[in-house]
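Notes for the one structure printed next.
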Amino acid sequence: MDLTNLQRQILYRTDSVGVPKVEAARTALSALNPDVKIVPLQKRIETGELRSLLADVDVVLDCSDNFATRHALNRACVVGHKPLVSGAAIRFDAQVTVFDLRKPDAPCYACLFAEDGEIEEVQCSAMGVFAPLTGVVGALQAMEAVKLLTGAGETLNGRLLLLDAKRSEWRTVRVQRDPACVVCSTR
């Protein structure tokens with residue numbers, strides 16, 4: 001854990017600095033609810049292992065900060081027919097969406113951001129992020145996950161929710177399944 005992350009990663013405290021993130025997260029979450037079983041994994045996960053880890057989950061939340069991880073999670077969710085709640089924030093912009101891959105007509109992450117697309121990878125460390133924005137994204141992802149788990153309401157499946165925090169403006173964009181998508185077109 002790094003001191004510069006504390007303003008936007010609210011799970012951690014100053015005493016988390018220097019402690020592996022998974023251990024600091026386990027400690028903080030166990031203090032909130034000691035009845036929750038937490039299995040920290042402090043390693044890079046290979047594709048085959050990722051698929052087996054997802055076999056026992058009901059919904060996946062992507063809170064990663066790079067396209068390689070997002071696409072790996074997406075592929076595993078497509079194969080396992082697992083709903084994926086995706087969230088991202090950079091500078092003053094945020095987005096949240098759901099890919100409910102249990103539904104045959106649902107788009108996947110690659111339908112929106114093609115794996116071979118020319119998308120510029122920007123990191124929070126280089127571009128910065130408006131700290132409260134990550135909390136907004138996390139809360140929205142949690143809300144979408146609870147709706148998926150309980151069947152309550154309508155999820156963001158097939159819709160991309162965009163937030164311009166500078167203007168405090170929300171926008172929703174429809175996301176269609178790409179019939180030529182290299183990841184999900186054959187499912």
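FYI, nothing fancy with the structure tokens labels: chains A, B, ... in order, residues from 1 per chain, ligands from 1 as they appear.
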
Exercise for review: Find the spatial neighbours of segment 33-45 of chain A, counting only C-alpha atoms, within a cut-off of 9 Å - ignore same-chain residues fewer than 5 positions away - and output them as a PyMOL selection string.
Suggested key: chain A and resi 20-23+25-26+28+50

Kindly assemble as a Markdown table a list of the segment 37-85 of chain A residues that lie within 10 Å of segment 145-168 of chain A, each paired with its nearest atom pair and their distance in Å to one decimal, using only C-alpha atoms, sorted first by chain and then by ascending residue number.
| residue | atom | partner | partner_atom | distance |
| --- | --- | --- | --- | --- |
| A:Asp58 | CA | A:Leu149 | CA | 7.2 |
| A:Val59 | CA | A:Ala145 | CA | 6.7 |
| A:Val60 | CA | A:Ala145 | CA | 8.0 |
| A:Leu61 | CA | A:Ala145 | CA | 7.5 |
| A:Pro83 | CA | A:Leu148 | CA | 7.8 |
| A:Leu84 | CA | A:Ala145 | CA | 8.6 |
| A:Val85 | CA | A:Ala145 | CA | 6.8 |

Could you dump the residues just selected with C-alpha atoms as an mmCIF file, in the first residue's frame?
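Result file follows (part.cif):
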data_model
loop_
_atom_site.group_PDB
_atom_site.id
_atom_site.type_symbol
_atom_site.label_atom_id
_atom_site.label_comp_id
_atom_site.auth_asym_id
_atom_site.auth_seq_id
_atom_site.Cartn_x
_atom_site.Cartn_y
_atom_site.Cartn_z
ATOM 1 C CA ASP A 58 -22.259 -15.498 -8.446
ATOM 2 C CA VAL A 59 -21.089 -12.100 -9.694
ATOM 3 C CA VAL A 60 -17.716 -10.525 -10.562
ATOM 4 C CA LEU A 61 -16.824 -6.906 -9.847
ATOM 5 C CA PRO A 83 -22.334 -11.419 -14.648
ATOM 6 C CA LEU A 84 -19.575 -8.810 -14.676
ATOM 7 C CA VAL A 85 -19.945 -5.390 -13.046
#

Review point. Using only C-alpha atoms, which residue out of A:Val129, A:Ile90, A:Met143, A:Ala110 lies closest to Pro179 of chain A?
Key: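 When distances to Pro179 of chain A are compared using only C-alpha atoms, the smallest one comes from A:Ala110.
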
Review point. When DSSP works through the backbone of this structure, what residues of segment 2-135 of chain A end up as strand (DSSP E), shown as number ranges by chain?
Key: A: 60-62, 83-90, 93-100

Review point. Where does DSSP see alpha helix (DSSP H) in chain A, if you list the residues as JSON, numbers by chain?
Key: {"A": [21, 22, 23, 24, 25, 26, 27, 28, 29, 30, 31, 32, 47, 48, 49, 50, 51, 52, 53, 54, 67, 68, 69, 70, 71, 72, 73, 74, 75, 76, 77, 78, 79, 80, 109, 110, 111, 112, 124, 125, 126, 127, 131, 132, 133, 134, 135, 136, 137, 138, 139, 140, 141, 142, 143, 144, 145, 146, 147, 148, 149, 150]}

Could you write out the selected residues, including C-alpha atoms, as a PDB file, in the first residue's frame?
ATOM      1  CA  LYS A  21      -2.960  -4.565  -0.080  1.00  0.00           C
ATOM      2  CA  VAL A  22      -4.610  -7.973   0.262  1.00  0.00           C
ATOM      3  CA  GLU A  23      -3.560  -8.247   3.915  1.00  0.00           C
ATOM      4  CA  ALA A  24      -4.568  -4.669   4.751  1.00  0.00           C
ATOM      5  CA  ALA A  25      -7.929  -5.263   3.032  1.00  0.00           C
ATOM      6  CA  ARG A  26      -8.463  -8.545   4.917  1.00  0.00           C
ATOM      7  CA  THR A  27      -7.742  -6.826   8.216  1.00  0.00           C
ATOM      8  CA  ALA A  28     -10.078  -3.897   7.509  1.00  0.00           C
ATOM      9  CA  LEU A  29     -12.920  -6.045   6.182  1.00  0.00           C
ATOM     10  CA  SER A  30     -12.619  -8.566   9.024  1.00  0.00           C
ATOM     11  CA  ALA A  31     -12.915  -5.695  11.492  1.00  0.00           C
ATOM     12  CA  LEU A  32     -16.156  -4.616   9.766  1.00  0.00           C
ATOM     13  CA  THR A  47      -6.239 -17.540 -17.237  1.00  0.00           C
ATOM     14  CA  GLY A  48      -7.003 -21.158 -16.335  1.00  0.00           C
ATOM     15  CA  GLU A  49      -6.821 -20.427 -12.622  1.00  0.00           C
ATOM     16  CA  LEU A  50      -9.048 -17.367 -13.062  1.00  0.00           C
ATOM     17  CA  ARG A  51     -11.740 -19.492 -14.675  1.00  0.00           C
ATOM     18  CA  SER A  52     -11.650 -22.019 -11.835  1.00  0.00           C
ATOM     19  CA  LEU A  53     -11.790 -19.236  -9.210  1.00  0.00           C
ATOM     20  CA  LEU A  54     -14.863 -17.742 -10.899  1.00  0.00           C
ATOM     21  CA  PHE A  67      -7.216  -3.208 -19.910  1.00  0.00           C
ATOM     22  CA  ALA A  68      -5.299  -6.513 -19.797  1.00  0.00           C
ATOM     23  CA  THR A  69      -6.925  -7.440 -16.483  1.00  0.00           C
ATOM     24  CA  ARG A  70     -10.342  -6.203 -17.610  1.00  0.00           C
ATOM     25  CA  HIS A  71     -10.188  -8.291 -20.768  1.00  0.00           C
ATOM     26  CA  ALA A  72      -8.967 -11.387 -18.884  1.00  0.00           C
ATOM     27  CA  LEU A  73     -11.866 -11.064 -16.420  1.00  0.00           C
ATOM     28  CA  ASN A  74     -14.287 -10.556 -19.293  1.00  0.00           C
ATOM     29  CA  ARG A  75     -13.095 -13.677 -21.129  1.00  0.00           C
ATOM     30  CA  ALA A  76     -13.415 -15.759 -17.964  1.00  0.00           C
ATOM     31  CA  CYS A  77     -16.905 -14.371 -17.290  1.00  0.00           C
ATOM     32  CA  VAL A  78     -18.011 -15.100 -20.874  1.00  0.00           C
ATOM     33  CA  VAL A  79     -16.788 -18.698 -20.611  1.00  0.00           C
ATOM     34  CA  GLY A  80     -18.384 -19.158 -17.180  1.00  0.00           C
ATOM     35  CA  TYR A 109     -16.674  -5.944 -22.246  1.00  0.00           C
ATOM     36  CA  ALA A 110     -14.974  -6.631 -25.599  1.00  0.00           C
ATOM     37  CA  CYS A 111     -18.132  -5.546 -27.447  1.00  0.00           C
ATOM     38  CA  LEU A 112     -17.573  -2.110 -25.904  1.00  0.00           C
ATOM     39  CA  CYS A 124      -4.287   7.019 -12.192  1.00  0.00           C
ATOM     40  CA  SER A 125      -0.679   7.499 -11.128  1.00  0.00           C
ATOM     41  CA  ALA A 126       0.037   9.482 -14.315  1.00  0.00           C
ATOM     42  CA  MET A 127      -3.326  11.152 -14.997  1.00  0.00           C
ATOM     43  CA  ALA A 131     -10.673  10.998  -5.144  1.00  0.00           C
ATOM     44  CA  PRO A 132     -14.425  11.027  -4.331  1.00  0.00           C
ATOM     45  CA  LEU A 133     -15.134   9.583  -7.779  1.00  0.00           C
ATOM     46  CA  THR A 134     -13.731   6.162  -6.876  1.00  0.00           C
ATOM     47  CA  GLY A 135     -16.149   5.968  -3.941  1.00  0.00           C
ATOM     48  CA  VAL A 136     -19.063   6.815  -6.246  1.00  0.00           C
ATOM     49  CA  VAL A 137     -17.994   4.120  -8.713  1.00  0.00           C
ATOM     50  CA  GLY A 138     -17.542   1.544  -5.941  1.00  0.00           C
ATOM     51  CA  ALA A 139     -20.946   2.315  -4.434  1.00  0.00           C
ATOM     52  CA  LEU A 140     -22.608   1.978  -7.855  1.00  0.00           C
ATOM     53  CA  GLN A 141     -20.833  -1.313  -8.495  1.00  0.00           C
ATOM     54  CA  ALA A 142     -21.981  -2.635  -5.117  1.00  0.00           C
ATOM     55  CA  MET A 143     -25.536  -1.536  -5.894  1.00  0.00           C
ATOM     56  CA  GLU A 144     -25.491  -3.316  -9.263  1.00  0.00           C
ATOM     57  CA  ALA A 145     -24.034  -6.479  -7.674  1.00  0.00           C
ATOM     58  CA  VAL A 146     -26.767  -6.548  -5.024  1.00  0.00           C
ATOM     59  CA  LYS A 147     -29.432  -6.122  -7.727  1.00  0.00           C
ATOM     60  CA  LEU A 148     -27.902  -9.001  -9.705  1.00  0.00           C
ATOM     61  CA  LEU A 149     -27.792 -11.233  -6.618  1.00  0.00           C
ATOM     62  CA  THR A 150     -31.321 -10.453  -5.461  1.00  0.00           C
TER      63      THR A 150
END

**Study point:** Contacts of Asp15 of chain A at 10 Å (only C-alpha atoms; same-chain gap of 3+ positions) as a list in words
**Key:** Met1, Leu3, Tyr12, Gly18, Val19 and Ala24 of chain A

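The gap separating atom CA of Cys63 of chain A from atom CA of Gln95 of chain A is 11.3 Å, in Å to one decimal.
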
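We find atom CA of Thr172 of chain A and atom CA of Pro107 of chain A to be spaced 15.4 Å apart.
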